[in-house]
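Undergrad: Sharing structure.txt here; it has compact mmCIF, C-alpha atoms.
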# COMPACT_ATOMS: atom_id res chain seq x y z
CA MET A 1 105.52 98.83 79.85
CA LYS A 2 105.39 100.07 83.44
CA LYS A 3 102.04 100.31 85.17
CA ILE A 4 101.65 103.30 87.47
CA LEU A 5 98.65 103.98 89.67
CA PHE A 6 97.82 107.58 90.51
CA ALA A 7 95.69 107.64 93.65
CA VAL A 8 93.89 110.76 94.81
CA TYR A 9 91.98 111.13 98.06
CA THR A 10 91.18 114.83 98.48
CA SER A 11 87.87 116.50 97.81
CA PRO A 12 87.29 117.83 94.28
CA ALA A 13 85.93 121.14 95.60
CA GLY A 14 88.47 123.45 97.16
CA SER A 15 91.54 121.60 95.98
CA ILE A 16 93.17 121.08 92.63
CA TRP A 17 94.43 117.57 93.21
CA ILE A 18 91.99 115.61 91.09
CA ASN A 19 92.66 117.69 87.99
CA GLU A 20 96.40 117.67 88.78
CA THR A 21 96.29 113.88 89.09
CA PHE A 22 94.70 113.53 85.67
CA ARG A 23 97.08 116.10 84.18
CA SER A 24 99.94 113.89 85.38
CA ILE A 25 98.23 110.79 84.02
CA PHE A 26 97.70 112.24 80.56
CA GLY A 27 101.35 113.31 80.48
CA MET A 28 102.37 109.67 80.98
CA TYR A 29 100.98 108.62 77.61
CA GLY A 30 104.04 110.20 76.00
CA GLN A 31 106.21 107.71 77.92
CA ASP A 32 106.33 103.92 77.96
CA ILE A 33 103.94 103.91 80.91
CA GLU A 34 100.39 102.73 81.46
CA PRO A 35 98.74 105.11 83.95
CA VAL A 36 95.62 104.24 85.93
CA ALA A 37 93.58 106.45 88.28
CA LEU A 38 92.12 105.55 91.66
CA LEU A 39 89.67 107.79 93.50
CA LEU A 40 89.25 107.16 97.20
CA ASN A 41 88.03 108.91 100.35
CA GLU A 42 86.56 112.35 99.55
CA ALA A 43 87.86 112.24 95.96
CA VAL A 44 85.00 109.91 94.99
CA LEU A 45 82.70 112.94 95.21
CA ALA A 46 84.12 113.87 91.80
CA VAL A 47 82.16 111.19 89.97
CA HIS A 48 78.72 112.51 90.95
CA THR A 49 76.94 114.11 88.00
CA ASN A 50 76.16 117.16 90.16
CA CYS A 51 79.75 117.71 91.33
CA LYS A 52 80.76 121.18 90.08
CA PRO A 53 84.05 122.42 91.63
CA GLU A 54 83.92 125.37 89.23
CA LEU A 55 81.31 126.88 91.57
CA CYS A 56 84.22 127.31 94.05
CA GLY A 57 86.46 128.81 91.38
CA VAL A 58 88.39 125.59 90.71
CA LEU A 59 88.80 124.15 87.22
CA PRO A 60 85.88 121.95 86.13
CA LEU A 61 86.40 118.20 86.23
CA SER A 62 84.82 117.90 82.81
CA ILE A 63 88.06 119.10 81.18
CA THR A 64 89.44 115.60 81.83
CA PHE A 65 86.64 113.78 80.04
CA ARG A 66 87.77 114.03 76.44
CA TYR A 67 91.25 112.74 77.35
CA ILE A 68 89.82 109.88 79.42
CA GLU A 69 87.85 108.92 76.33
CA LYS A 70 90.74 109.54 73.90
CA TYR A 71 93.27 107.47 75.85
CA GLY A 72 90.83 104.98 77.35
CA THR A 73 92.16 105.81 80.80
CA LYS A 74 91.05 103.33 83.44
CA VAL A 75 89.47 105.06 86.43
CA TYR A 76 88.63 103.19 89.62
CA ALA A 77 86.73 104.24 92.74
CA VAL A 78 86.35 102.55 96.10
CA LYS A 79 82.89 101.10 96.66
CA GLU A 80 82.76 101.81 100.40
CA ASP A 81 83.69 105.47 99.83
CA LEU A 82 80.91 105.83 97.22
CA GLU A 83 78.49 104.30 99.73
CA ARG A 84 79.72 106.62 102.49
CA PHE A 85 78.60 109.59 100.40
CA ASP A 86 75.48 107.76 99.18
CA ILE A 87 76.53 108.03 95.53
CA LYS A 88 74.40 105.59 93.60
CA GLU A 89 75.42 104.02 90.30
CA ASN A 90 72.83 106.01 88.34
CA GLU A 91 74.31 109.24 89.78
CA ILE A 92 77.81 108.55 88.44
CA ASP A 93 78.77 110.58 85.37
CA THR A 94 79.31 108.07 82.59
CA HIS A 95 82.24 110.12 81.20
CA TRP A 96 84.41 108.65 83.97
CA ASN A 97 83.86 105.15 82.57
CA LEU A 98 84.21 104.24 86.23
CA GLN A 99 85.14 100.83 87.54
CA ILE A 100 84.31 100.13 91.16
CA LEU A 101 86.38 98.02 93.50
CA SER A 102 85.91 97.03 97.10
CA LYS A 103 88.19 98.27 99.88
CA SER A 104 89.11 94.66 100.63
CA ASP A 105 90.57 94.40 97.11
CA LEU A 106 92.92 97.37 97.63
CA PRO A 107 95.98 95.50 99.01
CA GLU A 108 96.18 93.21 95.98
CA PHE A 109 95.17 95.99 93.57
CA LEU A 110 97.85 98.41 94.77
CA HIS A 111 100.51 95.70 94.71
CA SER A 112 99.68 94.91 91.07
CA PHE A 113 101.35 98.17 89.92
CA ASP A 114 105.04 98.94 89.50
CA ASN A 115 104.55 102.23 91.31
CA VAL A 116 101.71 103.85 93.21
CA ILE A 117 101.68 107.60 93.75
CA PHE A 118 99.27 109.20 96.21
CA PHE A 119 98.45 112.82 95.39
CA MET B 1 106.89 92.68 97.94
CA ALA B 2 106.76 96.48 97.98
CA LEU B 3 108.18 99.52 99.71
CA ILE B 4 105.46 101.70 101.21
CA ILE B 5 106.42 105.27 102.10
CA ILE B 6 104.16 107.14 104.52
CA LYS B 7 104.62 110.91 104.75
CA LYS B 8 101.36 111.90 106.45
CA SER B 9 100.80 111.90 110.21
CA PRO B 10 98.49 109.41 111.98
CA ASP B 11 95.77 112.09 111.82
CA TYR B 12 95.33 111.30 108.12
CA GLN B 13 93.06 108.46 107.08
CA VAL B 14 95.15 107.82 103.98
CA ALA B 15 98.21 107.10 106.14
CA HIS B 16 96.27 104.38 107.95
CA LEU B 17 95.05 103.02 104.62
CA LEU B 18 98.66 102.61 103.46
CA LEU B 19 99.42 100.59 106.60
CA GLU B 20 96.34 98.44 106.06
CA ILE B 21 97.28 97.53 102.50
CA ALA B 22 100.82 96.45 103.48
CA LEU B 23 101.36 92.74 102.87
CA PRO B 24 103.83 90.38 104.60
CA GLN B 25 107.43 91.01 103.38
CA ASP B 26 106.60 94.64 102.53
CA LYS B 27 108.71 97.38 104.08
CA VAL B 28 107.07 100.55 105.42
CA ILE B 29 109.15 103.69 105.94
CA PHE B 30 107.79 106.68 107.81
CA LEU B 31 109.00 110.05 106.51
CA GLN B 32 108.15 113.69 107.29
CA ASP B 33 105.12 113.80 109.66
CA GLY B 34 104.69 110.09 109.08
CA VAL B 35 107.42 109.59 111.70
CA LEU B 36 104.77 110.39 114.33
CA PHE B 37 103.63 106.79 113.85
CA ALA B 38 106.92 105.78 115.47
CA VAL B 39 105.63 106.94 118.86
CA GLU B 40 102.15 105.43 118.50
CA LYS B 41 101.92 102.68 121.12
CA ASP B 42 99.97 100.34 118.86
CA VAL B 43 101.95 101.01 115.67
CA LYS B 44 103.03 97.39 115.27
CA THR B 45 99.43 96.17 115.52
CA LEU B 46 98.41 98.40 112.61
CA VAL B 47 100.17 96.14 110.11
CA LYS B 48 100.05 92.47 109.25
CA ASP B 49 102.69 90.10 110.64
CA GLY B 50 105.79 90.10 108.46
CA VAL B 51 105.62 93.79 107.55
CA GLU B 52 108.83 95.65 108.48
CA LEU B 53 108.53 99.19 109.85
CA PHE B 54 111.20 101.91 109.78
CA ALA B 55 111.30 105.66 110.38
CA LEU B 56 113.73 108.22 109.00
CA LYS B 57 115.99 109.29 111.86
CA GLU B 58 116.50 112.87 110.68
CA ASP B 59 112.76 113.53 110.39
CA PHE B 60 112.16 111.92 113.81
CA VAL B 61 114.73 113.90 115.79
CA ALA B 62 113.83 117.08 113.87
CA ARG B 63 110.44 116.90 115.55
CA GLY B 64 111.97 117.01 119.03
CA PHE B 65 112.04 113.30 119.79
CA ASP B 66 114.95 111.39 121.26
CA GLU B 67 116.04 108.41 119.17
CA LYS B 68 115.25 106.13 122.15
CA GLU B 69 111.58 107.10 121.95
CA SER B 70 111.04 105.45 118.60
CA LEU B 71 109.11 102.18 118.70
CA VAL B 72 110.42 101.22 115.24
CA PRO B 73 114.01 101.07 113.92
CA LEU B 74 115.35 104.42 112.77
CA ILE B 75 117.26 104.61 109.51
CA SER B 76 119.56 107.23 108.01
CA TYR B 77 119.14 108.90 104.62
CA ASP B 78 121.79 106.56 103.21
CA GLU B 79 119.94 103.48 104.45
CA PHE B 80 116.69 104.91 103.08
CA ALA B 81 118.32 105.35 99.67
CA GLU B 82 119.64 101.78 99.76
CA ILE B 83 116.17 100.38 100.46
CA VAL B 84 114.60 102.47 97.69
CA GLU B 85 117.20 101.20 95.22
CA LYS B 86 116.56 97.56 96.14
CA GLU B 87 112.75 97.56 96.15
CA PRO B 88 111.15 96.99 92.73
CA LYS B 89 107.73 98.36 93.71
CA ILE B 90 107.04 101.60 95.54
CA ILE B 91 103.72 102.73 96.95
CA SER B 92 103.95 106.31 98.14
Let me see whether you can do it: turn the structure in this file into structure tokens.
TA:
Amino acid sequence: MKKILFAVYTSPAGSIWINETFRSIFGMYGQDIEPVALLLNEAVLAVHTNCKPELCGVLPLSITFRYIEKYGTKVYAVKEDLERFDIKENEIDTHWNLQILSKSDLPEFLHSFDNVIFF
Amino acid sequence: MALIIIKKSPDYQVAHLLLEIALPQDKVIFLQDGVLFAVEKDVKTLVKDGVELFALKEDFVARGFDEKESLVPLISYDEFAEIVEKEPKIIS
């Protein structure tokens, strides 16, 4: 089974890329592919419990939650980016089932996948 | 060993991140506005030793540059396709 990482770095408010990333990920479960998500740069804002892109007229992030739970999708975020926006662990929405990795781990992490796609 | 494809210009943080994560024996190819890295004076210092850098010739000259201005080897579409076919891992 191929492992594919879908990395997204744009802000959740004002762009559709986080929801589009997860839409692509969920579509992969019909194939012989194991998809994984990585949130970095401004995209980490998505995990904050108070993040509500729907206030800007964009689809809510919560529409991804039931599929993340259903498929057990692994979602990672970069520790230094969470710190940059002062997002504390108790402020992270538990629906993301988020795993945190350090920026120094990124080279090895990204090379552990068959393909990495940046959205 | 991986092929890393960079399409964003040096103005984008994510483009620099992709250079930082490149490991020795990786190949990096600059496409689209990523070819602007090919005229950055310090481009070779942005990657670890042993990382090979290339830029797509068509995208470079399409932005008004002369081939001689590139600080990294320029490759054609055919050469780009050959590299993509050979590399088992792609980070893009």
Undergrad: Counting only C-alpha atoms, which residues of chain A come no farther than 6 Å from chain B, as a ChimeraX atom specification?
TA: /A:107,114-118
Undergrad: Could you give me, as an mmCIF file with C-alpha atoms, in the coordinates of the input, the residues within 9 Å of Leu59 (chain A), counting all atoms listed in the file and dropping anything in the same chain fewer than 5 positions from it?
TA:
data_model
loop_
_atom_site.group_PDB
_atom_site.id
_atom_site.type_symbol
_atom_site.label_atom_id
_atom_site.label_comp_id
_atom_site.auth_asym_id
_atom_site.auth_seq_id
_atom_site.Cartn_x
_atom_site.Cartn_y
_atom_site.Cartn_z
ATOM 1 C CA ILE A 16 93.170 121.080 92.630
ATOM 2 C CA ASN A 19 92.660 117.690 87.990
ATOM 3 C CA PRO A 53 84.050 122.420 91.630
ATOM 4 C CA GLU A 54 83.920 125.370 89.230
#
Undergrad: Skipping near chain neighbours, those fewer than 6 positions away, what residues fall within 9 Å of Val43 (chain B) using only C-alpha atoms, listed as JSON, numbers by chain?
TA: {"B": [37, 53, 71, 72]}
Undergrad: Between CA of Gln99 (chain A) and CA of Gly57 (chain A), what is the spacing in Å?
TA: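 Calculated distance between CA of Gly57 (chain A) and CA of Gln99 (chain A) is 28.3 Å.
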Undergrad: Restricting the calculation to all atoms listed in the file, which member of B:Lys48, B:Gln25, B:Val35, B:Asp11 is positioned closest to Val61 (chain B)?
TA: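 The closest residue to Val61 (chain B) is B:Val35.
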Undergrad: Around the point (111.9, 103.6, 117.0) in the file's coordinates, collect all residues with an atom within 12 Å, using all atoms listed in the file, and return them as a JSON list (two decimals) with C-alpha atoms, keeping the file's coordinate frame.
TA:
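Printed below is result-v9.json as written:
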[["chain", "number", "residue", "atom", "x", "y", "z"],
["B", 29, "ILE", "CA", 109.15, 103.69, 105.94],
["B", 30, "PHE", "CA", 107.79, 106.68, 107.81],
["B", 35, "VAL", "CA", 107.42, 109.59, 111.70],
["B", 36, "LEU", "CA", 104.77, 110.39, 114.33],
["B", 37, "PHE", "CA", 103.63, 106.79, 113.85],
["B", 38, "ALA", "CA", 106.92, 105.78, 115.47],
["B", 39, "VAL", "CA", 105.63, 106.94, 118.86],
["B", 40, "GLU", "CA", 102.15, 105.43, 118.50],
["B", 41, "LYS", "CA", 101.92, 102.68, 121.12],
["B", 43, "VAL", "CA", 101.95, 101.01, 115.67],
["B", 44, "LYS", "CA", 103.03, 97.39, 115.27],
["B", 53, "LEU", "CA", 108.53, 99.19, 109.85],
["B", 54, "PHE", "CA", 111.20, 101.91, 109.78],
["B", 55, "ALA", "CA", 111.30, 105.66, 110.38],
["B", 56, "LEU", "CA", 113.73, 108.22, 109.00],
["B", 57, "LYS", "CA", 115.99, 109.29, 111.86],
["B", 59, "ASP", "CA", 112.76, 113.53, 110.39],
["B", 60, "PHE", "CA", 112.16, 111.92, 113.81],
["B", 61, "VAL", "CA", 114.73, 113.90, 115.79],
["B", 65, "PHE", "CA", 112.04, 113.30, 119.79],
["B", 66, "ASP", "CA", 114.95, 111.39, 121.26],
["B", 67, "GLU", "CA", 116.04, 108.41, 119.17],
["B", 68, "LYS", "CA", 115.25, 106.13, 122.15],
["B", 69, "GLU", "CA", 111.58, 107.10, 121.95],
["B", 70, "SER", "CA", 111.04, 105.45, 118.60],
["B", 71, "LEU", "CA", 109.11, 102.18, 118.70],
["B", 72, "VAL", "CA", 110.42, 101.22, 115.24],
["B", 73, "PRO", "CA", 114.01, 101.07, 113.92],
["B", 74, "LEU", "CA", 115.35, 104.42, 112.77],
["B", 75, "ILE", "CA", 117.26, 104.61, 109.51]]
Undergrad: Using only C-alpha atoms for the distances, tell me which of A:Gly14, A:Met1, A:Val47, A:Ala77 is nearest to Ile33 (chain A).
TA: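 Smallest distance to Ile33 (chain A) is found for A:Met1.
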Undergrad: What lies within 8 Å of Leu39 (chain A) using only C-alpha atoms, ignoring chain neighbours under 6 positions off, as an mmCIF file with C-alpha atoms, in the coordinates of the input?
TA:
data_model
loop_
_atom_site.group_PDB
_atom_site.id
_atom_site.type_symbol
_atom_site.label_atom_id
_atom_site.label_comp_id
_atom_site.auth_asym_id
_atom_site.auth_seq_id
_atom_site.Cartn_x
_atom_site.Cartn_y
_atom_site.Cartn_z
ATOM 1 C CA ALA A 7 95.690 107.640 93.650
ATOM 2 C CA VAL A 8 93.890 110.760 94.810
ATOM 3 C CA TYR A 9 91.980 111.130 98.060
ATOM 4 C CA VAL A 75 89.470 105.060 86.430
ATOM 5 C CA TYR A 76 88.630 103.190 89.620
ATOM 6 C CA ALA A 77 86.730 104.240 92.740
ATOM 7 C CA VAL A 78 86.350 102.550 96.100
#
Undergrad: Which value, in Å to one decimal, gives the distance between CA of Lys52 (chain A) and CA of Gly27 (chain A)?
TA: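 These atoms are spaced 24.0 Å apart.
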Undergrad: Just the residues within 6 Å of Leu5 (chain A), please, counting only C-alpha atoms, with nothing from its chain fewer than 5 positions along; format it as number ranges by chain.
TA: A: 35-37, 116
Undergrad: Could you jot down the CA of Ser62 (chain A) to CA of Leu82 (chain A) separation for me, Å, one decimal place?
TA: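 Pair CA of Ser62 (chain A) / CA of Leu82 (chain A) returns 19.2 Å.
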Undergrad: Report as an MDAnalysis selection string all protein, DNA and RNA residues lying within 12 Å of region 88-94 of chain A, evaluated on only C-alpha atoms, omitting residues in the same chain fewer than 6 positions from it.
TA: chainID A and resid 44:52 61:62 65 68:69 75 77 79:82 100
Undergrad: May I ask you to restore all heavy atoms in region 56-67 of chain A and write the result as a PDB file, in the frame of the given file?
TA:
ATOM      1  N   CYS A  56      83.277 126.802  93.033  1.00  0.00           N
ATOM      2  CA  CYS A  56      84.220 127.310  94.050  1.00  0.00           C
ATOM      3  C   CYS A  56      85.415 127.985  93.385  1.00  0.00           C
ATOM      4  O   CYS A  56      86.407 128.281  94.059  1.00  0.00           O
ATOM      5  CB  CYS A  56      84.725 126.184  94.931  1.00  0.00           C
ATOM      6  SG  CYS A  56      83.470 125.296  95.813  1.00  0.00           S
ATOM      7  N   GLY A  57      85.364 128.153  92.088  1.00  0.00           N
ATOM      8  CA  GLY A  57      86.460 128.810  91.380  1.00  0.00           C
ATOM      9  C   GLY A  57      87.592 127.882  90.988  1.00  0.00           C
ATOM     10  O   GLY A  57      88.669 128.334  90.593  1.00  0.00           O
ATOM     11  N   VAL A  58      87.363 126.583  91.109  1.00  0.00           N
ATOM     12  CA  VAL A  58      88.390 125.590  90.710  1.00  0.00           C
ATOM     13  C   VAL A  58      88.057 125.120  89.295  1.00  0.00           C
ATOM     14  O   VAL A  58      86.900 125.184  88.859  1.00  0.00           O
ATOM     15  CB  VAL A  58      88.387 124.398  91.697  1.00  0.00           C
ATOM     16  CG1 VAL A  58      89.497 123.413  91.364  1.00  0.00           C
ATOM     17  CG2 VAL A  58      88.553 124.899  93.120  1.00  0.00           C
ATOM     18  N   LEU A  59      89.043 124.636  88.576  1.00  0.00           N
ATOM     19  CA  LEU A  59      88.800 124.150  87.220  1.00  0.00           C
ATOM     20  C   LEU A  59      87.738 123.045  87.211  1.00  0.00           C
ATOM     21  O   LEU A  59      87.693 122.219  88.118  1.00  0.00           O
ATOM     22  CB  LEU A  59      90.087 123.598  86.613  1.00  0.00           C
ATOM     23  CG  LEU A  59      91.111 124.609  86.129  1.00  0.00           C
ATOM     24  CD1 LEU A  59      92.404 123.885  85.740  1.00  0.00           C
ATOM     25  CD2 LEU A  59      90.589 125.414  84.948  1.00  0.00           C
ATOM     26  N   PRO A  60      86.885 123.017  86.197  1.00  0.00           N
ATOM     27  CA  PRO A  60      85.880 121.950  86.130  1.00  0.00           C
ATOM     28  C   PRO A  60      86.520 120.584  85.885  1.00  0.00           C
ATOM     29  O   PRO A  60      87.544 120.489  85.213  1.00  0.00           O
ATOM     30  CB  PRO A  60      84.999 122.357  84.945  1.00  0.00           C
ATOM     31  CG  PRO A  60      85.844 123.253  84.132  1.00  0.00           C
ATOM     32  CD  PRO A  60      86.787 123.952  85.069  1.00  0.00           C
ATOM     33  N   LEU A  61      85.899 119.558  86.431  1.00  0.00           N
ATOM     34  CA  LEU A  61      86.400 118.200  86.230  1.00  0.00           C
ATOM     35  C   LEU A  61      86.179 117.729  84.799  1.00  0.00           C
ATOM     36  O   LEU A  61      86.890 116.856  84.299  1.00  0.00           O
ATOM     37  CB  LEU A  61      85.697 117.237  87.195  1.00  0.00           C
ATOM     38  CG  LEU A  61      85.979 117.500  88.677  1.00  0.00           C
ATOM     39  CD1 LEU A  61      84.936 116.803  89.540  1.00  0.00           C
ATOM     40  CD2 LEU A  61      87.375 117.042  89.035  1.00  0.00           C
ATOM     41  N   SER A  62      85.192 118.343  84.154  1.00  0.00           N
ATOM     42  CA  SER A  62      84.820 117.900  82.810  1.00  0.00           C
ATOM     43  C   SER A  62      85.955 118.085  81.797  1.00  0.00           C
ATOM     44  O   SER A  62      85.926 117.452  80.731  1.00  0.00           O
ATOM     45  CB  SER A  62      83.565 118.639  82.340  1.00  0.00           C
ATOM     46  OG  SER A  62      83.791 120.029  82.376  1.00  0.00           O
ATOM     47  N   ILE A  63      86.960 118.907  82.131  1.00  0.00           N
ATOM     48  CA  ILE A  63      88.060 119.100  81.180  1.00  0.00           C
ATOM     49  C   ILE A  63      88.871 117.811  81.010  1.00  0.00           C
ATOM     50  O   ILE A  63      89.629 117.673  80.063  1.00  0.00           O
ATOM     51  CB  ILE A  63      89.009 120.258  81.583  1.00  0.00           C
ATOM     52  CG1 ILE A  63      89.634 119.997  82.955  1.00  0.00           C
ATOM     53  CG2 ILE A  63      88.282 121.586  81.551  1.00  0.00           C
ATOM     54  CD1 ILE A  63      90.697 121.026  83.335  1.00  0.00           C
ATOM     55  N   THR A  64      88.695 116.879  81.938  1.00  0.00           N
ATOM     56  CA  THR A  64      89.440 115.600  81.830  1.00  0.00           C
ATOM     57  C   THR A  64      88.735 114.609  80.900  1.00  0.00           C
ATOM     58  O   THR A  64      89.363 113.662  80.418  1.00  0.00           O
ATOM     59  CB  THR A  64      89.580 114.920  83.208  1.00  0.00           C
ATOM     60  OG1 THR A  64      88.278 114.576  83.686  1.00  0.00           O
ATOM     61  CG2 THR A  64      90.251 115.808  84.218  1.00  0.00           C
ATOM     62  N   PHE A  65      87.447 114.828  80.666  1.00  0.00           N
ATOM     63  CA  PHE A  65      86.640 113.780  80.040  1.00  0.00           C
ATOM     64  C   PHE A  65      87.101 113.397  78.629  1.00  0.00           C
ATOM     65  O   PHE A  65      87.135 112.221  78.283  1.00  0.00           O
ATOM     66  CB  PHE A  65      85.157 114.185  80.013  1.00  0.00           C
ATOM     67  CG  PHE A  65      84.520 114.219  81.375  1.00  0.00           C
ATOM     68  CD1 PHE A  65      83.336 114.925  81.577  1.00  0.00           C
ATOM     69  CD2 PHE A  65      85.077 113.554  82.451  1.00  0.00           C
ATOM     70  CE1 PHE A  65      82.736 114.962  82.827  1.00  0.00           C
ATOM     71  CE2 PHE A  65      84.490 113.592  83.714  1.00  0.00           C
ATOM     72  CZ  PHE A  65      83.308 114.302  83.895  1.00  0.00           C
ATOM     73  N   ARG A  66      87.435 114.414  77.823  1.00  0.00           N
ATOM     74  CA  ARG A  66      87.770 114.030  76.440  1.00  0.00           C
ATOM     75  C   ARG A  66      89.075 113.258  76.363  1.00  0.00           C
ATOM     76  O   ARG A  66      89.272 112.431  75.478  1.00  0.00           O
ATOM     77  CB  ARG A  66      87.755 115.239  75.506  1.00  0.00           C
ATOM     78  CG  ARG A  66      88.934 116.148  75.521  1.00  0.00           C
ATOM     79  CD  ARG A  66      88.653 117.304  74.562  1.00  0.00           C
ATOM     80  NE  ARG A  66      89.517 118.420  74.820  1.00  0.00           N
ATOM     81  CZ  ARG A  66      90.467 118.808  73.996  1.00  0.00           C
ATOM     82  NH1 ARG A  66      90.663 118.167  72.859  1.00  0.00           N
ATOM     83  NH2 ARG A  66      91.214 119.843  74.281  1.00  0.00           N
ATOM     84  N   TYR A  67      89.986 113.491  77.348  1.00  0.00           N
ATOM     85  CA  TYR A  67      91.250 112.740  77.350  1.00  0.00           C
ATOM     86  C   TYR A  67      91.043 111.330  77.913  1.00  0.00           C
ATOM     87  O   TYR A  67      91.693 110.378  77.477  1.00  0.00           O
ATOM     88  CB  TYR A  67      92.313 113.497  78.139  1.00  0.00           C
ATOM     89  CG  TYR A  67      92.656 114.818  77.505  1.00  0.00           C
ATOM     90  CD1 TYR A  67      92.198 116.012  78.055  1.00  0.00           C
ATOM     91  CD2 TYR A  67      93.407 114.870  76.335  1.00  0.00           C
ATOM     92  CE1 TYR A  67      92.483 117.229  77.456  1.00  0.00           C
ATOM     93  CE2 TYR A  67      93.701 116.079  75.730  1.00  0.00           C
ATOM     94  CZ  TYR A  67      93.232 117.263  76.291  1.00  0.00           C
ATOM     95  OH  TYR A  67      93.516 118.454  75.691  1.00  0.00           O
TER      96      TYR A  67
END
